[in-house]
Amino acid sequence: MFGYVRYDFPNLHVKDVMLYKALYCGLCKGIAASSGQIARVGLTYDVTFLSALLHNIMGVEVEIVRETCAEHLIRKQPMAKVDALTRELGALNTVLAYYKLTDDIEDGAGGRGKRLCFRKGFLRAKEEYPVLVRLVEKYLSEQAAAERKKEPSPDIAAEPSASMMAALSEHFLRDMGTPDTIGLFYQLGKWVYLIDALDDYDADKKRGGYNPFVLTYGAETREALMAQSGADVSFLFDTMFYAMREHLAGIRFHFNRDLTDNVILRGIPIETMRVMKGEPRPPMTVRI
């Protein structure tokens with residue numbers, strides 16, 4: 001995951017901003033617990049959202065504590081206490097960061113030095129959560145194979161990443177999973193892969209890197225792509241939004257769902273429009 005899963009701040013309640021901040025800090029602590037201190041530099045908004053989503057679906061109450069950390073050495077901050085779920089999500093965050101950098105290296109984009117920061121944490125995660133790591137490795141291997149084949153269809157190209165997220169939902173939720181939870185995670189995985197591909201359109205076109213949108217449409221720039229085939233691209237993402245809404249409506253949440261609804265129903269479409277317009281990614285409105 002790549003940092004695209006964000007909330008829509010103007011329509012987020014203060015209580016949910018505070019919850020998100022606590023989950024973000026809690027995940028950071030979870031990374032340290034499962035993967036070591038250095039791996040905390042890979043902390044992502046995407047896995048923070050998974051923490052909010054999974055805690056709510058599973059009915060695992062988030063306990064807020066006030067603690068210091070590496071960034072806040074003097075003044076204690078409200079943080080989600082590290083539980084078993086947060087610890088394993090911390091390991092997932094490290095594994096995904098490690099493989100993302102591995103993919104960058106194989107694509108010639110560099111990152112060997114950065115990957116060294118995660119190697120020790122990756123090995124720790126692999127030892128403590130072998131099933132989780134094997135699951136990620138399986139689908140990322142399938143994703144790499146699809147890209148080596150230069151699969152032109154965006155739908156087919158995104159299938160391994162979408163399936164990985166669906167499998168992760170089953171891994172974490174176990175008997176609490178339903179067709180709707182599997183479907184929601186599947187669509188989230190598909191969206192993340194395709195929005196990243198659309199965001200990288202110009203760079204991939206310039207260097208000749210794999211990109212399903214480039215292979216399908218062939219426009220010289222993303223701006224030209226949206227001018228010539230914007231309706232097709234919008235329809236592709238709109239079908240994902242529709243499916244997310246349908247699956248979201250069928251999921252039973254144990255706690256208030258304002259935060260997760262805000263991200264899925266508002267934050268993700270807003271981020272999609274940003275990428276389609278080629279606008280720079282703004283910082284999160286609320287400083288963590």
# chains A, B, ... in the order shown; residues from 1 in each chain; ligands from 1
>>> residues_around(residues="range 140-146 of chain A", least_positions_apart="5", cutoff="8 Å", atoms="only C-alpha atoms", output="list in words")
Glu151, Ala157, Ala158, Glu159, Pro160, Ser161 and Met164 of chain A
>>> residues_around(residues="Glu147 in chain A", least_positions_apart="6", cutoff="9 Å", atoms="only C-alpha atoms", output="list of chain:residue names")
A:Ala157, A:Tyr210, A:Asn211, A:Pro212
>>> write_last_selection(atoms="N, CA and C atoms", output="PDB file, in the first residue's frame")
ATOM      1  N   ALA A 157      -4.660  -6.762 -14.424  1.00  0.00           N
ATOM      2  CA  ALA A 157      -3.394  -6.406 -13.805  1.00  0.00           C
ATOM      3  C   ALA A 157      -3.530  -6.227 -12.294  1.00  0.00           C
ATOM      4  N   TYR A 210       6.402  -0.670 -16.782  1.00  0.00           N
ATOM      5  CA  TYR A 210       5.093  -1.302 -16.946  1.00  0.00           C
ATOM      6  C   TYR A 210       4.007  -0.437 -16.326  1.00  0.00           C
ATOM      7  N   ASN A 211       2.922  -0.267 -17.048  1.00  0.00           N
ATOM      8  CA  ASN A 211       1.756   0.449 -16.539  1.00  0.00           C
ATOM      9  C   ASN A 211       0.555   0.042 -17.386  1.00  0.00           C
ATOM     10  N   PRO A 212      -0.469  -0.575 -16.795  1.00  0.00           N
ATOM     11  CA  PRO A 212      -1.609  -1.051 -17.601  1.00  0.00           C
ATOM     12  C   PRO A 212      -2.354   0.070 -18.312  1.00  0.00           C
TER      13      PRO A 212
END
>>> residues_around(residues="Tyr201 in chain A", least_positions_apart="6", cutoff="8 Å", atoms="only C-alpha atoms", output="list of chain:residue names")
A:Asn211, A:Phe213, A:Val214, A:Thr221, A:Arg222
>>> write_last_selection(atoms="C-alpha atoms", output="PDB file, in the first residue's frame")
ATOM      1  CA  ASN A 211       1.756   0.449 -16.539  1.00  0.00           C
ATOM      2  CA  PHE A 213      -3.061   2.373 -18.400  1.00  0.00           C
ATOM      3  CA  VAL A 214      -0.132   3.164 -20.698  1.00  0.00           C
ATOM      4  CA  THR A 221       0.742  12.056 -20.777  1.00  0.00           C
ATOM      5  CA  ARG A 222      -1.792  11.499 -18.023  1.00  0.00           C
TER       6      ARG A 222
END
>>> residues_around(residues="Lys100 in chain A", least_positions_apart="2", cutoff="12 Å", atoms="only C-alpha atoms", output="JSON, numbers by chain")
{"A": [1, 2, 3, 42, 93, 94, 95, 96, 97, 98, 102, 103, 104, 105, 106, 107, 109, 110, 111, 112, 114, 115, 118, 136, 137, 140, 143, 144, 193]}
>>> write_last_selection(atoms="N, CA and C atoms", output="mmCIF file, in the first residue's frame")
data_model
loop_
_atom_site.group_PDB
_atom_site.id
_atom_site.type_symbol
_atom_site.label_atom_id
_atom_site.label_comp_id
_atom_site.auth_asym_id
_atom_site.auth_seq_id
_atom_site.Cartn_x
_atom_site.Cartn_y
_atom_site.Cartn_z
ATOM 1 N N MET A 1 0.847 -1.183 0.000
ATOM 2 C CA MET A 1 0.000 0.000 0.000
ATOM 3 C C MET A 1 0.888 1.240 0.000
ATOM 4 N N PHE A 2 0.370 2.378 -0.499
ATOM 5 C CA PHE A 2 1.270 3.445 -0.870
ATOM 6 C C PHE A 2 0.916 4.807 -0.308
ATOM 7 N N GLY A 3 0.037 4.908 0.667
ATOM 8 C CA GLY A 3 -0.270 6.203 1.254
ATOM 9 C C GLY A 3 -1.436 6.932 0.638
ATOM 10 N N GLY A 42 8.679 3.449 8.189
ATOM 11 C CA GLY A 42 7.790 3.043 7.105
ATOM 12 C C GLY A 42 6.319 3.154 7.443
ATOM 13 N N ASN A 93 2.866 -3.856 7.986
ATOM 14 C CA ASN A 93 3.371 -2.583 7.483
ATOM 15 C C ASN A 93 4.840 -2.723 7.058
ATOM 16 N N THR A 94 5.631 -3.402 7.871
ATOM 17 C CA THR A 94 7.054 -3.587 7.580
ATOM 18 C C THR A 94 7.260 -4.472 6.360
ATOM 19 N N VAL A 95 6.509 -5.559 6.273
ATOM 20 C CA VAL A 95 6.635 -6.480 5.141
ATOM 21 C C VAL A 95 6.272 -5.783 3.832
ATOM 22 N N LEU A 96 5.188 -5.016 3.830
ATOM 23 C CA LEU A 96 4.779 -4.307 2.624
ATOM 24 C C LEU A 96 5.807 -3.250 2.227
ATOM 25 N N ALA A 97 6.363 -2.548 3.217
ATOM 26 C CA ALA A 97 7.386 -1.546 2.924
ATOM 27 C C ALA A 97 8.622 -2.202 2.326
ATOM 28 N N TYR A 98 9.019 -3.339 2.874
ATOM 29 C CA TYR A 98 10.207 -4.053 2.386
ATOM 30 C C TYR A 98 10.012 -4.493 0.933
ATOM 31 N N THR A 102 11.778 -3.391 -2.611
ATOM 32 C CA THR A 102 12.341 -4.431 -3.468
ATOM 33 C C THR A 102 11.852 -4.266 -4.893
ATOM 34 N N ASP A 103 10.580 -3.957 -5.042
ATOM 35 C CA ASP A 103 10.008 -3.718 -6.371
ATOM 36 C C ASP A 103 10.634 -2.491 -7.019
ATOM 37 N N ASP A 104 10.854 -1.435 -6.238
ATOM 38 C CA ASP A 104 11.494 -0.230 -6.764
ATOM 39 C C ASP A 104 12.902 -0.538 -7.269
ATOM 40 N N ILE A 105 13.633 -1.347 -6.513
ATOM 41 C CA ILE A 105 14.999 -1.713 -6.904
ATOM 42 C C ILE A 105 14.988 -2.489 -8.209
ATOM 43 N N GLU A 106 14.076 -3.443 -8.324
ATOM 44 C CA GLU A 106 13.989 -4.253 -9.540
ATOM 45 C C GLU A 106 13.573 -3.419 -10.741
ATOM 46 N N ASP A 107 12.836 -2.336 -10.497
ATOM 47 C CA ASP A 107 12.415 -1.439 -11.580
ATOM 48 C C ASP A 107 13.481 -0.407 -11.926
ATOM 49 N N ALA A 109 14.582 1.931 -9.859
ATOM 50 C CA ALA A 109 14.306 3.224 -9.220
ATOM 51 C C ALA A 109 15.140 3.458 -7.974
ATOM 52 N N GLY A 110 16.040 2.536 -7.642
ATOM 53 C CA GLY A 110 16.869 2.689 -6.452
ATOM 54 C C GLY A 110 16.139 2.276 -5.193
ATOM 55 N N GLY A 111 16.769 2.497 -4.053
ATOM 56 C CA GLY A 111 16.137 2.168 -2.779
ATOM 57 C C GLY A 111 16.853 1.105 -1.979
ATOM 58 N N ARG A 112 18.049 0.702 -2.410
ATOM 59 C CA ARG A 112 18.775 -0.344 -1.683
ATOM 60 C C ARG A 112 19.116 0.102 -0.262
ATOM 61 N N LYS A 114 17.512 2.352 1.560
ATOM 62 C CA LYS A 114 16.272 2.403 2.343
ATOM 63 C C LYS A 114 15.833 1.004 2.750
ATOM 64 N N ARG A 115 15.982 0.037 1.824
ATOM 65 C CA ARG A 115 15.525 -1.317 2.147
ATOM 66 C C ARG A 115 16.300 -1.917 3.306
ATOM 67 N N PHE A 118 14.752 -1.828 6.646
ATOM 68 C CA PHE A 118 13.634 -2.726 6.934
ATOM 69 C C PHE A 118 14.028 -4.207 6.978
ATOM 70 N N VAL A 136 1.508 -12.717 1.841
ATOM 71 C CA VAL A 136 1.922 -11.526 1.094
ATOM 72 C C VAL A 136 2.855 -11.909 -0.039
ATOM 73 N N GLU A 137 3.810 -12.781 0.230
ATOM 74 C CA GLU A 137 4.774 -13.211 -0.790
ATOM 75 C C GLU A 137 4.077 -13.879 -1.972
ATOM 76 N N LEU A 140 2.211 -11.122 -4.070
ATOM 77 C CA LEU A 140 3.137 -10.187 -4.704
ATOM 78 C C LEU A 140 3.937 -10.877 -5.808
ATOM 79 N N GLN A 143 1.655 -10.821 -8.646
ATOM 80 C CA GLN A 143 1.594 -9.470 -9.188
ATOM 81 C C GLN A 143 2.800 -9.196 -10.089
ATOM 82 N N ALA A 144 3.966 -9.626 -9.633
ATOM 83 C CA ALA A 144 5.182 -9.441 -10.435
ATOM 84 C C ALA A 144 5.097 -10.219 -11.738
ATOM 85 N N TYR A 193 -3.951 -0.405 -6.121
ATOM 86 C CA TYR A 193 -3.045 -0.741 -7.223
ATOM 87 C C TYR A 193 -3.279 0.177 -8.424
#
>>> atom_distance(atom1="CA of Met273 in chain A", atom2="CA of Asp8 in chain A")
12.7 Å
